[in-house]
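Enquirer: Take this structure, written in structure tokens, and hold onto it; I'll ask about it next.
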Amino acid sequence: MRGSVFAVLSCATVLLAGCTTTVTGTPEPASPPSGEAQAVAGEPCELLTPEEAAALDYEDEGAFTAGDPGQLLPSFCTWSPLYDDVGRDSLDVYFSVDIPLTDYMAGVAPEWEKEIGGLTWARYPSTVGGESLCSLVTELSPSSFVLIMSSDFADESQACEQAEEVAPFVSSHLPGGAPATIEPREPSPLESVDPCSLLTAEQAEELGRRGDGDFLEAQDSLPARCEWIAADGDRRNSTLVTVAPDRPLPEFPLDTEPKEVEEGDRTWLVYPASIPGLCQADLPVTDHSYVAITVVQGDVEEDELCAMVEDTIPFVTENLPES
């Protein structure tokens with residue numbers, strides 16, 4: 001939903017020129033290391049390689065939209081977030097070769113500037129989206145510039161976070177930019193963990209569940225998980241343990257303040273889910289892996305439901321591998 005709103009605002013920002021036809025961009029499939037391959041002028045989809053986009057949690061290929069200089073609209077490329085539940089918006093990168101930056105910005109001065117990746121980048125105010133929208137720009141010549149547009153409508157103070165994270169890689173494909181390195185991702189100790197191993201039969205029975213858990217395969221955005229149904233066989237009431245070894249923790253429901261629960265050297269985040277009768281606890285293990293406990297129990301109040309989650313935390317923590 002946030003990505004869709006962002007796309008509308010992005011089109012409105014370019015002087016209400018309107019959205020043009022979008023086709024799939026084709027970044028080079030075997031790009032040399034960052035800093036060695038400069039993008040072709042005016043080709044925004046060449047400003048991130050597939051490897052760089054994936055490392056930044058975007059789909060590896062961007063979608064190209066042709067520009068219209070007569071409407072002061074440069075060509076741009078849109079990368080969709082790799083995960084749709086982590087609060088990350090789409091990213092737009094514009095590459096102008098025939099529109100002066102002063103004309104595009106209608107003479108407006110930048111709010112601040114800083115050096116990123118060997119180039120000077122400046123944030124310009126947005127007339128659409130306000131502080132929730134970030135336009136980060138580097139000027140290449142009097143008639144050429146690159147603009148990275150990101151947003152955060154939940155926390156406007158973070159609007160430029162994605163743009164600044166991407167800027168070193170974009171810089172590396174521009175004249176004068178410094179090489180950028182894709183840092184190896186921290187390995188997760190969850191890579192070989194079976195979610196059904198995180199509660200023993202005795203522990204499950206102590207929690208009012210049947211001892212044998214049912215393994216549920218990963219599907220779409222749902223990681224692999226294990227379900228223990230109620231001891232009386234009522235499948236409407238159950239405990240699920242999810243193990244996600246290769247994806248970041250999803251966003252919490254809106255207006256939710258998770259409760260921190262310490263167990264050993266781990267900190268779990270407990271909160272009622274947006275659906276009545278569910279309470280959940282999340283444990284971030286690395287920046288791209290987590291464990292979750294979900295209790296489904298329709299015949300108890302919210303406080304008691306979340307207490308059932310907290311009762312489960314010591315058992316699951318005990319059975320986790322050391323981080």
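Identifiers in the structure tokens: chain A, B, ... in order shown; residue index from 1 per chain; ligand index from 1 in order shown.
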Find the nearest atom pair between each residue of segment 131-214 of chain A and segment 238-242 of chain A for residues within 9 Å, count only C-alpha atoms, give distances in Å to one decimal, sort rows by chain and ascending number, and present the table as JSON lines.
Expert:
```
{"residue": "A:Pro195", "atom": "CA", "partner": "A:Val241", "partner_atom": "CA", "distance": 6.0}
{"residue": "A:Cys196", "atom": "CA", "partner": "A:Val241", "partner_atom": "CA", "distance": 7.6}
{"residue": "A:Leu198", "atom": "CA", "partner": "A:Val241", "partner_atom": "CA", "distance": 7.5}
{"residue": "A:Leu199", "atom": "CA", "partner": "A:Val241", "partner_atom": "CA", "distance": 8.5}
{"residue": "A:Ala204", "atom": "CA", "partner": "A:Thr239", "partner_atom": "CA", "distance": 8.7}
{"residue": "A:Leu207", "atom": "CA", "partner": "A:Thr239", "partner_atom": "CA", "distance": 9.0}
{"residue": "A:Arg209", "atom": "CA", "partner": "A:Ser238", "partner_atom": "CA", "distance": 7.1}
{"residue": "A:Gly213", "atom": "CA", "partner": "A:Leu240", "partner_atom": "CA", "distance": 8.8}
```
Enquirer: Please return as a tab-separated table (two decimals) with C-alpha atoms, in the first residue's frame: the residues of segment 69-288 of chain A that backbone DSSP assigns to strand (DSSP E or B).
Expert:
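Dumped everything to selection.tsv:
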```tsv
chain	number	residue	atom	x	y	z
A	73	LEU	CA	10.50	14.91	-16.71
A	75	SER	CA	13.78	9.18	-17.44
A	76	PHE	CA	13.64	7.20	-14.23
A	77	CYS	CA	13.88	3.66	-12.92
A	78	THR	CA	11.79	2.21	-10.10
A	79	TRP	CA	12.95	-0.60	-7.86
A	81	PRO	CA	11.10	-3.57	-2.30
A	91	LEU	CA	12.85	3.61	-4.86
A	92	ASP	CA	12.94	5.94	-7.88
A	93	VAL	CA	16.19	7.04	-9.53
A	94	TYR	CA	16.03	9.79	-12.19
A	95	PHE	CA	18.81	10.44	-14.71
A	96	SER	CA	18.58	13.73	-16.62
A	112	TRP	CA	21.37	20.48	3.01
A	113	GLU	CA	24.17	18.76	1.17
A	114	LYS	CA	26.80	16.17	1.99
A	115	GLU	CA	29.41	14.06	0.26
A	116	ILE	CA	28.35	10.48	-0.39
A	119	LEU	CA	30.03	13.08	-5.01
A	120	THR	CA	28.12	15.97	-3.47
A	121	TRP	CA	24.47	15.10	-2.89
A	122	ALA	CA	21.85	17.64	-1.82
A	123	ARG	CA	18.36	17.22	-0.43
A	124	TYR	CA	15.73	19.39	-2.07
A	133	LEU	CA	9.42	12.47	0.63
A	134	CYS	CA	13.17	12.79	0.05
A	135	SER	CA	14.73	14.06	-3.18
A	136	LEU	CA	18.49	13.53	-3.05
A	137	VAL	CA	20.29	15.05	-6.03
A	138	THR	CA	23.80	15.22	-7.45
A	139	GLU	CA	24.49	17.62	-10.33
A	140	LEU	CA	26.77	16.24	-13.06
A	141	SER	CA	26.78	19.23	-15.43
A	144	SER	CA	22.56	16.77	-16.23
A	145	PHE	CA	21.73	15.43	-12.78
A	146	VAL	CA	20.75	12.27	-10.94
A	147	LEU	CA	17.96	12.27	-8.37
A	148	ILE	CA	17.23	9.49	-5.88
A	149	MET	CA	13.74	9.61	-4.43
A	150	SER	CA	12.75	7.70	-1.31
A	151	SER	CA	10.07	8.14	1.33
A	209	ARG	CA	-0.98	-28.19	23.32
A	214	ASP	CA	2.84	-30.07	12.35
A	215	PHE	CA	5.50	-28.66	10.02
A	216	LEU	CA	4.18	-26.04	7.58
A	219	GLN	CA	5.01	-20.11	1.07
A	222	LEU	CA	5.36	-16.79	5.07
A	225	ARG	CA	6.68	-22.71	10.77
A	226	CYS	CA	5.42	-25.41	13.10
A	227	GLU	CA	1.94	-25.60	14.63
A	228	TRP	CA	0.93	-27.27	17.86
A	229	ILE	CA	-2.86	-27.48	18.20
A	230	ALA	CA	-4.79	-27.38	21.47
A	238	SER	CA	-2.88	-23.31	18.52
A	239	THR	CA	0.70	-22.19	19.01
A	240	LEU	CA	2.90	-21.51	16.00
A	241	VAL	CA	6.65	-21.04	15.94
A	242	THR	CA	8.10	-19.42	12.82
A	243	VAL	CA	11.75	-19.54	11.76
A	244	ALA	CA	12.87	-17.04	9.12
A	259	LYS	CA	6.54	-5.12	25.19
A	260	GLU	CA	10.16	-6.18	25.68
A	261	VAL	CA	10.56	-9.53	27.41
A	262	GLU	CA	14.07	-10.53	28.46
A	263	GLU	CA	14.95	-14.21	28.44
A	266	ARG	CA	17.63	-12.48	24.22
A	267	THR	CA	15.06	-9.72	23.97
A	268	TRP	CA	11.67	-10.72	22.62
A	269	LEU	CA	9.07	-8.20	21.45
A	270	VAL	CA	5.52	-9.15	22.46
A	271	TYR	CA	2.43	-7.50	20.99
A	272	PRO	CA	-1.21	-8.28	20.19
A	278	LEU	CA	-3.83	-13.54	18.26
A	279	CYS	CA	-0.75	-12.44	20.17
A	280	GLN	CA	2.80	-12.66	18.91
A	281	ALA	CA	6.40	-12.41	20.05
A	282	ASP	CA	9.26	-11.65	17.67
A	283	LEU	CA	12.95	-12.25	18.23
A	284	PRO	CA	15.33	-10.56	15.76
A	285	VAL	CA	18.39	-12.81	15.48
A	286	THR	CA	20.29	-10.93	12.76
```
Enquirer: If I take atom CA of Gly130 of chain A and atom CA of Phe153 of chain A, how far is one from the other in Å, to one decimal?
Expert: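 According to the coordinates, atom CA of Gly130 of chain A and atom CA of Phe153 of chain A are separated by 9.6 Å.
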Enquirer: If you run DSSP on this backbone, which residues of segment 43-277 of chain A come out as helix (DSSP H, G or I), and could you give them as number ranges by chain?
Expert: A: 44-46, 50-55, 69-71, 101-104, 130-132, 156-158, 161-171, 195-198, 201-206
Enquirer: Near Leu47 of chain A, counting only C-alpha atoms, which residues have an atom at most 6 Å away, once you skip same-chain residues fewer than 3 positions from it, shown as number ranges by chain?
Expert: A: 39, 44, 170, 173
Enquirer: Keeping N, CA, C and O atoms, export the residues of the selection given above as a short mmCIF file (atom, residue, chain, number, x, y, z; two decimals), in the first residue's frame.
Expert:
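Below is the file again12.cif, written as the result:
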```cif
data_model
loop_
_atom_site.label_atom_id
_atom_site.label_comp_id
_atom_site.auth_asym_id
_atom_site.auth_seq_id
_atom_site.Cartn_x
_atom_site.Cartn_y
_atom_site.Cartn_z
N ALA A 39 27.47 4.06 -15.75
CA ALA A 39 26.20 3.94 -16.44
C ALA A 39 26.21 4.78 -17.71
O ALA A 39 26.87 5.81 -17.79
N PRO A 44 18.80 5.33 -16.27
CA PRO A 44 18.75 5.21 -14.80
C PRO A 44 18.81 3.78 -14.29
O PRO A 44 19.28 3.55 -13.17
N VAL A 170 24.95 4.27 -6.37
CA VAL A 170 24.65 5.08 -7.55
C VAL A 170 25.88 5.92 -7.92
O VAL A 170 26.26 6.01 -9.09
N HIS A 173 28.67 4.49 -10.13
CA HIS A 173 28.43 4.33 -11.57
C HIS A 173 28.39 5.67 -12.30
O HIS A 173 27.99 5.73 -13.46
#
```
Enquirer: How many Å lie between atom CA of Ser221 of chain A and atom CA of Pro189 of chain A, rounded to one decimal?
Expert: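 Computing the Euclidean distance for atom CA of Ser221 of chain A and atom CA of Pro189 of chain A yields 20.3 Å.
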Enquirer: Which residues are close to Leu72 of chain A, i.e. within 7 Å by only C-alpha atoms, leaving aside same-chain residues fewer than 4 positions away? Reply as a PyMOL selection string.
Expert: chain A and resi 68+99+104
Enquirer: Compare A:Pro74, A:Pro250, A:Gly211, A:Pro321 by their minimum atom-to-atom distance to Ser188 of chain A, counting only C-alpha atoms, and give me the closest one.
Expert: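 Under the stated criterion, the closest residue is A:Pro321.
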